[in-house]
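With mmCIF, C-alpha atoms inside, this is entry_19.cif:
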```cif
data_upload
#
loop_
_atom_site.label_atom_id
_atom_site.label_comp_id
_atom_site.auth_asym_id
_atom_site.auth_seq_id
_atom_site.Cartn_x
_atom_site.Cartn_y
_atom_site.Cartn_z
CA MET A 62 27.57 -11.60 41.69
CA THR A 63 25.08 -10.82 38.92
CA PRO A 64 26.80 -9.38 35.84
CA GLU A 65 25.80 -5.88 34.79
CA PRO A 66 23.46 -5.95 31.75
CA GLN A 67 25.08 -5.00 28.47
CA LEU A 68 24.23 -1.56 27.06
CA GLU A 69 22.45 -3.16 24.10
CA ASP A 70 20.28 -5.21 26.45
CA ARG A 71 19.39 -2.14 28.52
CA LEU A 72 18.47 -0.21 25.36
CA ARG A 73 16.39 -3.11 24.08
CA THR A 74 14.45 -3.18 27.36
CA ALA A 75 13.98 0.60 27.47
CA LEU A 76 12.82 0.82 23.86
CA GLY A 77 10.59 -2.23 24.06
CA ARG A 78 12.30 -4.06 21.19
CA PRO A 79 11.37 -7.75 21.09
CA PRO A 80 14.13 -10.25 21.86
CA GLY A 81 16.03 -11.20 18.74
CA ALA A 82 14.87 -8.17 16.74
CA ALA A 83 17.60 -6.71 14.58
CA TRP A 84 19.08 -3.28 15.15
CA PRO A 85 19.37 -0.99 12.10
CA ASP A 86 22.79 -0.87 10.49
CA GLU A 87 24.72 2.36 11.07
CA ARG A 88 25.87 2.72 7.46
CA GLY A 89 23.81 5.48 5.84
CA ALA A 90 21.72 5.82 9.00
CA PHE A 91 21.31 9.59 8.73
CA ASP A 92 20.30 9.31 5.09
CA ARG A 93 17.74 6.65 5.99
CA PHE A 94 16.42 8.97 8.69
CA LEU A 95 15.96 11.77 6.14
CA ARG A 96 14.39 9.40 3.63
CA HIS A 97 11.97 7.99 6.20
CA ARG A 98 11.10 11.48 7.43
CA ASN A 99 10.26 12.55 3.88
CA ARG A 100 8.27 9.38 3.33
CA ARG A 101 6.43 9.86 6.60
CA GLY A 102 5.51 13.39 5.60
CA ARG A 103 4.04 12.08 2.36
CA ILE A 104 2.21 9.33 4.24
CA LEU A 105 0.74 11.79 6.72
CA ALA A 106 -0.31 14.10 3.90
CA GLY A 107 -2.21 11.25 2.27
CA GLN A 108 -3.74 10.17 5.55
CA ALA A 109 -4.79 13.74 6.33
CA ALA A 110 -6.63 13.91 3.02
CA VAL A 111 -8.40 10.63 3.74
CA VAL A 112 -9.29 11.76 7.27
CA MET A 113 -10.75 14.98 5.87
CA ILE A 114 -12.89 13.04 3.40
CA ILE A 115 -14.17 10.70 6.11
CA ALA A 116 -14.79 13.58 8.52
CA LEU A 117 -16.86 15.38 5.92
CA ALA A 118 -18.78 12.20 5.20
CA LEU A 119 -19.56 11.48 8.85
CA ALA A 120 -20.68 14.95 9.91
CA VAL A 121 -24.06 15.57 11.62
CA VAL A 122 -26.73 14.25 9.26
CA THR A 123 -29.75 16.06 7.87
CA PRO A 124 -32.38 14.87 5.37
CA ARG A 125 -31.14 15.24 1.77
CA LEU A 126 -32.01 14.11 -1.73
CA LEU A 127 -32.43 10.32 -1.79
CA PRO A 128 -29.81 9.14 -4.27
CA GLY A 129 -31.49 5.83 -4.96
CA GLY A 130 -34.21 7.37 -7.09
CA SER A 131 -34.37 7.69 -10.84
CA VAL A 132 -32.07 10.29 -12.38
CA ALA A 133 -31.22 11.26 -15.93
CA PRO A 134 -28.10 9.59 -17.33
CA VAL A 135 -24.82 11.40 -16.92
CA THR A 136 -23.03 12.95 -19.88
CA PRO A 137 -21.33 10.10 -21.80
CA PRO A 138 -17.65 9.60 -20.95
CA ALA A 139 -15.05 11.13 -23.22
CA PRO A 140 -13.36 8.39 -25.28
CA GLY A 141 -10.17 7.08 -23.80
CA GLN A 142 -10.49 8.77 -20.42
CA VAL A 143 -10.23 5.84 -18.02
CA LEU A 144 -8.68 5.89 -14.57
CA GLN A 145 -7.53 2.66 -13.00
CA ALA A 146 -6.69 1.97 -9.36
CA PRO A 147 -4.81 -1.37 -9.49
CA GLY A 148 -4.63 -1.66 -5.71
CA GLY A 149 -8.36 -1.01 -5.39
CA GLY A 150 -9.20 -3.46 -8.18
CA PHE A 151 -11.34 -1.07 -10.23
CA GLU A 152 -11.34 1.32 -13.15
CA VAL A 153 -13.77 4.12 -13.99
CA SER A 154 -14.54 6.12 -17.10
CA VAL A 155 -14.26 9.88 -16.63
CA PRO A 156 -17.40 11.71 -17.78
CA ALA A 157 -17.05 14.60 -20.21
CA GLY A 158 -16.68 17.84 -18.29
CA TRP A 159 -14.88 16.10 -15.41
CA THR A 160 -11.21 15.40 -14.73
CA ARG A 161 -8.93 13.76 -12.20
CA ASN A 162 -8.56 15.73 -8.98
CA ASN A 163 -4.77 15.85 -8.74
CA ARG A 164 -4.83 17.83 -5.50
CA MET A 165 -6.64 15.17 -3.51
CA LEU A 166 -4.84 12.05 -2.32
CA VAL A 167 -7.29 9.19 -1.98
CA GLY A 168 -6.62 5.94 -0.21
CA PRO A 169 -2.99 4.97 0.26
CA PHE A 170 -0.83 7.33 -1.77
CA GLY A 171 -3.00 8.64 -4.54
CA ASP A 172 -4.59 7.50 -7.76
CA THR A 173 -2.17 4.62 -8.34
CA GLY A 174 -3.18 3.06 -5.02
CA SER A 175 -6.71 2.20 -3.97
CA GLY A 176 -8.73 5.24 -4.98
CA VAL A 177 -9.32 8.08 -7.42
CA ALA A 178 -10.94 11.50 -7.16
CA LEU A 179 -12.77 13.49 -9.83
CA ARG A 180 -13.73 17.16 -10.05
CA PRO A 181 -15.57 19.29 -12.62
CA LYS A 182 -13.33 20.97 -15.18
CA ARG A 183 -15.09 24.25 -14.56
CA ARG A 184 -14.24 26.02 -11.32
CA ALA A 185 -16.42 24.56 -8.57
CA PRO A 186 -14.73 24.76 -5.15
CA ASP A 187 -15.15 21.73 -2.89
CA THR A 188 -17.11 19.83 -5.54
CA PHE A 189 -15.80 16.34 -6.12
CA VAL A 190 -16.54 12.63 -6.45
CA VAL A 191 -14.37 10.14 -4.57
CA VAL A 192 -14.02 6.45 -5.41
CA SER A 193 -12.01 4.27 -3.03
CA THR A 194 -12.04 0.90 -1.33
CA ALA A 195 -12.74 0.18 2.32
CA ILE A 196 -13.70 -2.64 4.65
CA LEU A 197 -17.38 -2.12 5.52
CA SER A 198 -19.07 -3.34 8.68
CA PRO A 199 -20.44 -6.82 7.89
CA THR A 200 -23.83 -5.82 9.34
CA GLN A 201 -24.13 -3.18 6.60
CA TYR A 202 -22.47 -5.12 3.80
CA PRO A 203 -24.43 -5.15 0.51
CA GLY A 204 -26.47 -8.34 0.30
CA THR A 205 -26.49 -8.90 4.08
CA GLU A 206 -29.97 -9.29 5.52
CA PRO A 207 -30.72 -6.14 7.57
CA GLY A 208 -31.41 -6.74 11.24
CA GLY A 209 -29.79 -10.18 11.26
CA PRO A 210 -26.90 -11.36 13.46
CA ASP A 211 -23.46 -9.91 12.88
CA PRO A 212 -21.71 -12.40 10.53
CA ALA A 213 -18.20 -11.28 11.57
CA PRO A 214 -18.09 -9.47 14.94
CA ALA A 215 -14.28 -9.27 14.95
CA VAL A 216 -14.30 -7.38 11.63
CA THR A 217 -17.06 -5.08 12.86
CA ALA A 218 -15.03 -4.22 15.98
CA ASP A 219 -11.81 -3.52 14.08
CA PRO A 220 -10.98 0.22 14.29
CA SER A 221 -10.22 0.37 10.57
CA THR A 222 -13.67 -0.91 9.58
CA VAL A 223 -15.97 1.71 8.03
CA HIS A 224 -19.53 2.16 9.30
CA LEU A 225 -22.07 4.07 7.23
CA ASP A 226 -23.63 6.63 9.58
CA ASP A 227 -27.32 6.71 8.75
CA ALA A 228 -28.54 8.13 12.07
CA GLY A 229 -30.79 5.13 12.54
CA SER A 230 -32.39 5.35 9.09
CA PRO A 231 -32.41 2.22 6.93
CA LEU A 232 -29.85 1.97 4.15
CA GLY A 233 -31.09 2.01 0.60
CA ARG A 234 -30.43 -1.23 -1.30
CA GLY A 235 -30.06 -2.10 -4.95
CA ARG A 236 -28.17 -4.17 -7.53
CA ARG A 237 -26.06 -3.29 -10.53
CA PRO A 238 -26.84 -4.74 -13.97
CA ASP A 239 -24.08 -7.33 -13.36
CA GLY A 240 -25.79 -8.43 -10.12
CA ARG A 241 -23.38 -6.81 -7.63
CA PRO A 242 -25.38 -5.52 -4.66
CA TYR A 243 -24.91 -2.05 -3.25
CA VAL A 244 -26.23 0.08 -0.40
CA TRP A 245 -26.50 3.83 0.05
CA GLN A 246 -27.11 6.28 2.84
CA THR A 247 -30.58 7.79 2.82
CA ARG A 248 -29.61 10.59 5.21
CA LEU A 249 -26.56 12.69 4.43
CA ALA A 250 -24.46 15.44 5.95
CA PRO A 251 -24.79 19.04 4.73
CA GLY A 252 -22.92 19.33 1.44
CA GLU A 253 -23.03 15.59 0.76
CA VAL A 254 -24.86 14.52 -2.36
CA ALA A 255 -24.57 10.73 -2.21
CA LYS A 256 -22.65 7.93 -0.55
CA TYR A 257 -22.76 4.38 -1.93
CA ALA A 258 -20.99 1.14 -1.03
CA VAL A 259 -20.75 -1.54 -3.75
CA ALA A 260 -19.77 -5.13 -2.90
CA TRP A 261 -16.18 -5.46 -4.15
CA PRO A 262 -14.55 -8.50 -2.49
CA TYR A 263 -10.76 -8.67 -2.46
CA GLN A 264 -9.63 -11.69 -4.48
CA CYS A 265 -6.38 -12.99 -3.02
CA ASP A 266 -3.58 -14.63 -4.95
CA PRO A 267 -4.04 -18.37 -4.21
CA LEU A 268 -0.49 -18.57 -2.81
CA GLN A 269 -0.94 -15.67 -0.37
CA ALA A 270 -2.34 -15.68 3.15
CA CYS A 271 -5.78 -14.14 2.60
CA PRO A 272 -6.89 -11.60 5.25
CA PRO A 273 -10.19 -12.37 6.99
CA THR A 274 -11.43 -8.89 6.08
CA ALA A 275 -11.03 -9.47 2.31
CA ARG A 276 -14.59 -10.78 2.05
CA TRP A 277 -15.98 -7.45 3.32
CA ARG A 278 -14.28 -5.02 0.93
CA VAL A 279 -16.50 -2.48 -0.80
CA LEU A 280 -16.14 0.26 -3.36
CA LEU A 281 -17.13 3.53 -1.68
CA VAL A 282 -18.47 6.13 -4.11
CA SER A 283 -19.35 9.51 -2.64
CA GLY A 284 -19.96 13.00 -3.94
CA ARG A 285 -20.34 16.40 -2.38
CA THR A 286 -20.74 20.05 -3.29
CA PRO A 287 -21.58 23.22 -1.36
CA GLU A 288 -23.26 24.66 -4.45
CA GLY A 289 -26.96 24.60 -5.35
CA PRO A 290 -29.32 21.83 -6.48
CA ALA A 291 -28.30 22.01 -10.13
CA THR A 292 -24.66 21.21 -9.32
CA GLY A 293 -25.81 18.61 -6.81
CA GLU A 294 -27.84 16.90 -9.52
CA ARG A 295 -24.82 16.76 -11.82
CA VAL A 296 -22.66 15.29 -9.04
CA LEU A 297 -25.34 12.71 -8.28
CA ARG A 298 -25.45 11.61 -11.91
CA VAL A 299 -21.69 11.02 -11.91
CA VAL A 300 -21.91 9.03 -8.68
CA ARG A 301 -24.74 6.88 -9.98
CA ARG A 302 -22.94 6.25 -13.26
CA ILE A 303 -19.81 5.08 -11.43
CA VAL A 304 -21.83 2.86 -9.08
CA GLU A 305 -23.47 1.18 -12.06
CA GLU A 306 -20.47 0.98 -14.40
CA ALA A 307 -17.19 0.80 -12.42
CA ARG A 308 -15.32 -2.21 -13.76
CA PRO A 309 -13.44 -4.83 -11.71
CA VAL A 310 -9.74 -5.31 -12.54
CA THR A 311 -6.67 -6.91 -10.92
CA ASN A 312 -7.52 -8.10 -7.39
CA ALA A 313 -11.29 -7.83 -7.90
CA LEU A 314 -11.17 -10.62 -10.49
CA PRO A 315 -11.03 -14.35 -9.65
CA GLY A 316 -7.52 -15.48 -8.80
CA GLY A 317 -6.32 -12.03 -7.79
CA ALA A 318 -3.34 -10.29 -9.36
CA PRO A 319 0.26 -10.53 -8.12
CA GLY A 320 1.60 -7.07 -7.32
CA ALA A 321 -1.83 -5.43 -6.99
CA VAL A 322 -1.99 -4.92 -3.21
CA ASP A 323 -4.94 -3.08 -1.68
CA LEU A 324 -3.48 -1.31 1.32
CA ASN A 325 -6.98 -0.69 2.68
CA VAL A 326 -7.11 -4.44 3.37
CA ARG A 327 -4.88 -5.24 6.32
CA PRO A 328 -2.56 -8.19 5.72
CA VAL A 329 -2.35 -11.37 7.74
CA PRO A 330 0.38 -10.68 10.31
CA GLY A 331 3.28 -13.10 10.41
CA ARG A 332 6.87 -13.78 9.45
CA TRP A 333 7.85 -15.81 6.39
CA LEU A 334 11.17 -17.04 5.06
CA LEU A 335 11.26 -16.09 1.38
CA GLY A 336 14.50 -17.77 0.43
CA SER A 337 18.13 -18.43 1.23
CA GLY A 338 21.44 -18.52 -0.59
CA GLY A 339 25.16 -17.92 -0.41
CA THR A 340 27.70 -20.36 0.97
CA GLY A 341 29.90 -20.76 4.01
CA GLN A 342 30.42 -17.64 6.11
CA GLY A 343 28.50 -15.61 3.51
CA ALA A 344 25.27 -17.65 3.60
CA TRP A 345 22.09 -15.58 4.01
CA ARG A 346 18.35 -15.97 4.68
CA ALA A 347 15.77 -13.41 3.47
CA SER A 348 12.48 -12.98 5.33
CA VAL A 349 9.49 -10.63 5.53
CA ARG A 350 7.53 -9.73 8.65
CA GLN A 351 4.04 -8.35 8.06
CA GLY A 352 2.26 -6.18 10.62
CA ARG A 353 -0.82 -3.99 10.91
CA SER A 354 0.91 -0.78 9.78
CA GLU A 355 4.38 -1.52 8.39
CA ASP A 356 6.18 -4.57 7.10
CA VAL A 357 9.87 -5.39 7.58
CA PHE A 358 12.42 -6.99 5.25
CA GLU A 359 15.21 -8.93 6.96
CA LEU A 360 18.47 -10.31 5.61
CA ALA A 361 20.13 -12.62 8.16
CA PHE A 362 23.61 -14.10 8.11
CA PRO A 363 23.48 -17.30 10.20
CA SER A 364 27.26 -17.39 10.71
CA ARG A 365 27.07 -14.02 12.47
CA GLN A 366 24.04 -14.74 14.65
CA THR A 367 26.04 -15.41 17.77
CA ARG A 368 23.53 -13.67 20.03
CA PRO A 369 19.93 -12.37 19.67
CA GLY A 370 19.64 -9.42 17.32
CA MET A 371 23.11 -9.87 15.82
CA GLY A 372 23.82 -10.83 12.24
CA VAL A 373 20.50 -9.49 10.92
CA HIS A 374 19.97 -6.39 8.79
CA ALA A 375 16.34 -5.26 8.95
CA GLU A 376 14.58 -2.26 7.47
CA ASP A 377 10.97 -1.15 7.31
CA ILE A 378 9.00 -1.64 4.13
CA GLU A 379 6.61 1.25 3.64
CA PRO A 380 3.87 -0.65 1.78
CA GLY A 381 2.41 2.32 -0.08
CA PHE A 382 5.68 3.12 -1.81
CA LEU A 383 6.56 -0.48 -2.59
CA ALA A 384 3.06 -1.18 -3.94
CA ASN A 385 3.52 1.83 -6.22
CA GLY A 386 6.83 0.50 -7.53
CA GLU A 387 9.34 2.43 -5.43
CA LEU A 388 12.05 0.03 -4.29
CA GLY A 389 14.12 0.37 -1.16
CA VAL A 390 17.64 -1.08 -1.39
CA LEU A 391 19.59 -2.58 1.50
CA ARG A 392 23.38 -2.54 1.27
CA ASP A 393 25.45 -4.98 3.28
CA CYS A 394 29.22 -5.33 3.52
CA LEU A 395 30.37 -8.84 4.41
CA SER A 396 33.39 -7.40 6.16
CA TRP A 397 34.21 -10.69 7.89
CA LEU A 398 35.10 -12.30 4.56
CA SER A 399 38.48 -11.97 2.89
CA PRO A 400 38.39 -10.29 0.50
CA GLN A 401 35.45 -8.15 1.58
CA VAL A 402 32.37 -8.25 -0.65
CA GLY A 403 28.96 -6.58 -0.61
CA LEU A 404 25.33 -7.44 -1.28
CA VAL A 405 22.31 -5.37 -2.25
CA SER A 406 18.87 -6.74 -1.48
CA GLY A 407 15.29 -5.82 -0.72
CA ALA A 408 11.60 -6.59 -1.00
CA VAL A 409 9.75 -6.25 -4.32
CA PRO A 410 6.10 -6.41 -5.42
CA GLU A 411 4.98 -9.90 -6.36
CA ASN A 412 4.64 -9.05 -10.05
CA VAL A 413 8.43 -8.53 -10.20
CA THR A 414 10.05 -11.68 -11.58
CA THR A 415 13.58 -10.41 -12.32
CA VAL A 416 15.70 -7.58 -10.96
CA ARG A 417 18.34 -5.69 -12.93
CA ILE A 418 21.15 -4.23 -10.83
CA GLU A 419 22.92 -1.48 -12.77
CA LEU A 420 26.60 -0.87 -12.01
CA ALA A 421 28.96 2.00 -12.82
CA GLY A 422 31.45 1.05 -15.53
CA ARG A 423 30.28 -2.58 -15.67
CA PRO A 424 27.47 -4.51 -17.39
CA PRO A 425 24.28 -4.82 -15.31
CA ILE A 426 23.55 -7.97 -13.31
CA THR A 427 20.16 -9.65 -13.58
CA VAL A 428 18.88 -11.89 -10.78
CA ARG A 429 15.64 -13.75 -10.21
CA ALA A 430 13.21 -12.51 -7.61
CA PHE A 431 12.05 -15.24 -5.21
CA GLY A 432 9.46 -15.95 -2.56
CA HIS A 433 6.39 -15.76 -4.82
CA ASP A 434 5.25 -19.15 -3.49
CA ARG A 435 5.20 -17.96 0.15
CA PRO A 436 2.16 -16.49 1.96
CA ALA A 437 3.71 -13.01 2.31
CA ARG A 438 2.42 -10.25 0.02
CA TRP A 439 5.97 -9.36 -1.12
CA ALA A 440 8.78 -11.18 -2.92
CA ALA A 441 12.50 -10.37 -2.61
CA TYR A 442 15.87 -10.30 -4.38
CA VAL A 443 19.48 -10.60 -3.28
CA SER A 444 22.44 -9.77 -5.52
CA PRO A 445 25.44 -12.03 -6.02
CA ARG A 446 28.58 -11.03 -4.12
CA LEU A 447 29.86 -7.68 -5.39
CA PRO A 448 33.60 -6.93 -5.14
CA ARG A 449 34.58 -4.12 -2.82
CA GLY A 450 34.59 -0.83 -4.73
CA THR A 451 31.64 -1.75 -6.98
CA ARG A 452 29.20 1.15 -7.51
CA VAL A 453 25.51 0.31 -7.79
CA THR A 454 23.69 3.08 -9.66
CA ARG A 455 20.12 1.78 -9.93
CA VAL A 456 17.94 -1.25 -9.22
CA VAL A 457 15.05 -2.03 -11.59
CA GLY A 458 12.23 -4.56 -11.13
CA LEU A 459 10.85 -6.27 -14.27
CA ASP A 460 7.70 -8.31 -14.71
CA GLY A 461 7.39 -11.52 -16.73
CA SER A 462 7.18 -9.60 -20.01
CA GLY A 463 10.34 -7.61 -19.28
CA ARG A 464 8.42 -4.41 -18.54
CA THR A 465 9.75 -2.11 -15.81
CA VAL A 466 7.27 -2.12 -12.93
CA ALA A 467 9.47 -0.89 -10.07
CA GLU A 468 12.75 0.90 -9.56
CA SER A 469 14.91 2.15 -6.73
CA GLU A 470 14.11 5.45 -5.09
CA HIS A 471 16.62 8.25 -5.27
CA ASP A 472 19.26 7.46 -2.66
CA PRO A 473 22.54 9.40 -2.69
CA TYR A 474 24.23 6.60 -0.75
CA LEU A 475 23.25 3.90 -3.25
CA SER A 476 26.03 4.90 -5.67
CA HIS A 477 28.75 4.82 -3.03
CA GLN A 478 31.26 2.03 -3.42
CA VAL A 479 30.36 -1.34 -1.94
CA CYS A 480 31.89 -1.55 1.55
CA HIS A 481 32.42 2.23 1.53
CA ILE A 482 33.43 3.55 4.96
CA PHE A 483 31.37 6.62 5.89
CA ARG A 484 33.28 9.28 7.76
#
```
What is this file in structure tokens?
Amino acid sequence: MTPEPQLEDRLRTALGRPPGAAWPDERGAFDRFLRHRNRRGRILAGQAAVVMIIALALAVVTPRLLPGGSVAPVTPPAPGQVLQAPGGGFEVSVPAGWTRNNRMLVGPFGDTGSGVALRPKRRAPDTFVVVSTAILSPTQYPGTEPGGPDPAPAVTADPSTVHLDDAGSPLGRGRRPDGRPYVWQTRLAPGEVAKYAVAWPYQCDPLQACPPTARWRVLLVSGRTPEGPATGERVLRVVRRIVEEARPVTNALPGGAPGAVDLNVRPVPGRWLLGSGGTGQGAWRASVRQGRSEDVFELAFPSRQTRPGMGVHAEDIEPGFLANGELGVLRDCLSWLSPQVGLVSGAVPENVTTVRIELAGRPPITVRAFGHDRPARWAAYVSPRLPRGTRVTRVVGLDGSGRTVAESEHDPYLSHQVCHIFR
């Protein structure tokens, strides 16, 4: 007689979970649901803004002003006004009379991610300049010989790859003073003023697995306005100035920059063990799984892995928040030990070298982050064993100079006692 499948096995089959994948822990599950729902709303808001920008850029084309021609220089930038996008690997000077467009999310999660947006200080509805990174079709990449064979068909076919829509017209081509090549569309949609793509390869950290698309990253610089030619000319000058003078930083410089992750460059998928620790029945192994949309942090307890999916606590990493320094914190109660103890753990950006765990009524604990030598784009931390009843109030990530570069998100369950029983 064939035994009836266990409920967990039937659920795993119905939900399509891979064999051995961990189930979420029930402690704080409703709070995690609310947190993920709020995060997802912020993600979708950012994606909607990006979709709107792309939709406007790819509308039906009509002949417009050719932006490759000679134009008068833009108004010099105001001293000290520099915007940097560490994930995008660039910084731009803000021209006088212009300011950051705080209402427009660009790239993953705003100006601290992979893009920035500018608008005139005077009221000019729907007038803006957008600077962000993207993976451009290799057949259109600046410096590629037009009409030649596709140098990377798999990248061209990837749904996330950007294609400049020129309605069959040839792209304009040029070079910056520093030698970087760029291309621009010679036919534009109504309201568009200019759209450029500057070669901006993604420089990977030598210890990371480098995505095959990194070679084809560009800096997209586009401007639009529904107003008349005079405003269009001013927008064009700003675009041209940025194309010529945007400066490479972080991951656009040789050797890359730990912690500066461009989320417009999809990571190499895989699973990597970042480190292990603990002893006896409390031994643990920390790993990261990277995928096309979300990554996962896993903390496994080998002594409890008596069947697939057991003894592993896994939770999604939302890359945009982690790249911007917002830490998620996993809480585990090692209830099988006597006395019971707890652990807090999680993934951190690679520029985090130490983690300070702040406790209520006790001195903070500082631990080393680990996993920087593995191919994953994240590192991790795990606390020492915390006695039952300990209250963790905050987790802070510090770089090599001791500067705070990441900290835990607001989580009302974080300050509950270790091994707290939720009722």
If we count all atoms listed in the file and set the cut-off at 6 Å, which residues sit around Ala307 (chain A), ignoring sequence neighbours fewer than 3 positions away in its own chain? Please answer as a ChimeraX atom specification.
/A:152-153,303
Counting only C-alpha atoms, what are the residues of region 207-239 of chain A within 6 Å of region 196-202 of chain A, and for each of them which pair of atoms is the nearest and at what distance in Å, to one decimal? Sort the table by chain and rising number, as CSV.
```
residue,atom,partner,partner_atom,distance
A:Asp211,CA,A:Thr200,CA,5.4
A:Thr217,CA,A:Ser198,CA,5.0
A:Thr222,CA,A:Ile196,CA,5.2
A:Val223,CA,A:Leu197,CA,4.8
A:His224,CA,A:Ser198,CA,5.6
```
Keeping only C-alpha atoms, take the residues you just selected and write them out as a compact mmCIF listing (two decimals), keeping the file's coordinate frame.
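Writing done, so here's result.txt:
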```txt
# COMPACT_ATOMS: atom_id res chain seq x y z
CA ASP A 211 -23.46 -9.91 12.88
CA THR A 217 -17.06 -5.08 12.86
CA THR A 222 -13.67 -0.91 9.58
CA VAL A 223 -15.97 1.71 8.03
CA HIS A 224 -19.53 2.16 9.30
```
Got a sec to resolve the PyMOL selection byres ((chain A and resi 335) around 12) on this structure and send the residues as a ChimeraX atom specification?
/A:332-334,336-338,345-350,358-361,407-409,411,430-443
Given the selection you just returned, output its residues as a file containing C-alpha atoms, formatted as a compact mmCIF listing (two decimals), in the coordinates of the input.
```
# COMPACT_ATOMS: atom_id res chain seq x y z
CA ARG A 332 6.87 -13.78 9.45
CA TRP A 333 7.85 -15.81 6.39
CA LEU A 334 11.17 -17.04 5.06
CA GLY A 336 14.50 -17.77 0.43
CA SER A 337 18.13 -18.43 1.23
CA GLY A 338 21.44 -18.52 -0.59
CA TRP A 345 22.09 -15.58 4.01
CA ARG A 346 18.35 -15.97 4.68
CA ALA A 347 15.77 -13.41 3.47
CA SER A 348 12.48 -12.98 5.33
CA VAL A 349 9.49 -10.63 5.53
CA ARG A 350 7.53 -9.73 8.65
CA PHE A 358 12.42 -6.99 5.25
CA GLU A 359 15.21 -8.93 6.96
CA LEU A 360 18.47 -10.31 5.61
CA ALA A 361 20.13 -12.62 8.16
CA GLY A 407 15.29 -5.82 -0.72
CA ALA A 408 11.60 -6.59 -1.00
CA VAL A 409 9.75 -6.25 -4.32
CA GLU A 411 4.98 -9.90 -6.36
CA ALA A 430 13.21 -12.51 -7.61
CA PHE A 431 12.05 -15.24 -5.21
CA GLY A 432 9.46 -15.95 -2.56
CA HIS A 433 6.39 -15.76 -4.82
CA ASP A 434 5.25 -19.15 -3.49
CA ARG A 435 5.20 -17.96 0.15
CA PRO A 436 2.16 -16.49 1.96
CA ALA A 437 3.71 -13.01 2.31
CA ARG A 438 2.42 -10.25 0.02
CA TRP A 439 5.97 -9.36 -1.12
CA ALA A 440 8.78 -11.18 -2.92
CA ALA A 441 12.50 -10.37 -2.61
CA TYR A 442 15.87 -10.30 -4.38
CA VAL A 443 19.48 -10.60 -3.28
```
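A straight line drawn from CA of Val466 (chain A) to CA of Pro448 (chain A) is 27.9 Å long.
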For this structure, which residues satisfy the selection - the PyMOL selection byres ((chain A and resi 144) around 9) - when it is evaluated on the file as given? I want them as a ChimeraX atom specification.
/A:142-143,145-146,151-155,161,172,177
Distance criterion (all atoms listed in the file): nearest to Pro220 (chain A) out of A:Glu468, A:Thr367, A:Arg353, A:Arg449:
A:Arg353
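This file gives the following result for the PyMOL selection byres ((chain A and resi 480) around 8): Asp393, Cys394, Leu395, Ser396, Gln401, Val402, Gly403, Arg449, Gly450, Gln478, Val479, His481 and Ile482 of chain A.
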Expected file: the selected residues, C-alpha atoms, as an mmCIF file, keeping the file's coordinate frame:
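And here's again-v4.cif as it stands now:
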```cif
data_model
loop_
_atom_site.group_PDB
_atom_site.id
_atom_site.type_symbol
_atom_site.label_atom_id
_atom_site.label_comp_id
_atom_site.auth_asym_id
_atom_site.auth_seq_id
_atom_site.Cartn_x
_atom_site.Cartn_y
_atom_site.Cartn_z
ATOM 1 C CA ASP A 393 25.450 -4.980 3.280
ATOM 2 C CA CYS A 394 29.220 -5.330 3.520
ATOM 3 C CA LEU A 395 30.370 -8.840 4.410
ATOM 4 C CA SER A 396 33.390 -7.400 6.160
ATOM 5 C CA GLN A 401 35.450 -8.150 1.580
ATOM 6 C CA VAL A 402 32.370 -8.250 -0.650
ATOM 7 C CA GLY A 403 28.960 -6.580 -0.610
ATOM 8 C CA ARG A 449 34.580 -4.120 -2.820
ATOM 9 C CA GLY A 450 34.590 -0.830 -4.730
ATOM 10 C CA GLN A 478 31.260 2.030 -3.420
ATOM 11 C CA VAL A 479 30.360 -1.340 -1.940
ATOM 12 C CA HIS A 481 32.420 2.230 1.530
ATOM 13 C CA ILE A 482 33.430 3.550 4.960
#
```
I need the residue nearest Gln351 (chain A) from this list: A:Pro181, A:Val282, A:Ala270, A:Thr414. Use only C-alpha atoms for the distance.
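Checking each candidate against Gln351 (chain A), we get A:Ala270 as the closest.
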Check the smallest atom-to-atom distance from each of A:Gly233, A:Gly208, A:Pro425, A:Gly149 to Ser193 (chain A) using only C-alpha atoms, then report the winner.
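Using only C-alpha atoms, the shortest distance to Ser193 (chain A) belongs to A:Gly149.
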Please list as an mmCIF file with C-alpha atoms, in the frame of the given file every residue within 8 Å of Val191 (chain A), counting only C-alpha atoms and excluding residues in the same chain fewer than 3 positions away.
```cif
data_model
loop_
_atom_site.group_PDB
_atom_site.id
_atom_site.type_symbol
_atom_site.label_atom_id
_atom_site.label_comp_id
_atom_site.auth_asym_id
_atom_site.auth_seq_id
_atom_site.Cartn_x
_atom_site.Cartn_y
_atom_site.Cartn_z
ATOM 1 C CA VAL A 167 -7.290 9.190 -1.980
ATOM 2 C CA GLY A 176 -8.730 5.240 -4.980
ATOM 3 C CA VAL A 177 -9.320 8.080 -7.420
ATOM 4 C CA ALA A 178 -10.940 11.500 -7.160
ATOM 5 C CA LEU A 179 -12.770 13.490 -9.830
ATOM 6 C CA LEU A 281 -17.130 3.530 -1.680
ATOM 7 C CA VAL A 282 -18.470 6.130 -4.110
ATOM 8 C CA SER A 283 -19.350 9.510 -2.640
ATOM 9 C CA GLY A 284 -19.960 13.000 -3.940
#
```
With all atoms listed in the file as the counted atoms, please give the residues lying no more than 6 Å from region 313-322 of chain A, apart from itself and same-chain residues fewer than 6 positions off, as a CSV table (one decimal) with C-alpha atoms, in the coordinates of the input.
```
chain,number,residue,atom,x,y,z
A,147,PRO,CA,-4.8,-1.4,-9.5
A,148,GLY,CA,-4.6,-1.7,-5.7
A,150,GLY,CA,-9.2,-3.5,-8.2
A,263,TYR,CA,-10.8,-8.7,-2.5
A,264,GLN,CA,-9.6,-11.7,-4.5
A,265,CYS,CA,-6.4,-13.0,-3.0
A,266,ASP,CA,-3.6,-14.6,-5.0
A,410,PRO,CA,6.1,-6.4,-5.4
A,411,GLU,CA,5.0,-9.9,-6.4
A,412,ASN,CA,4.6,-9.0,-10.0
```
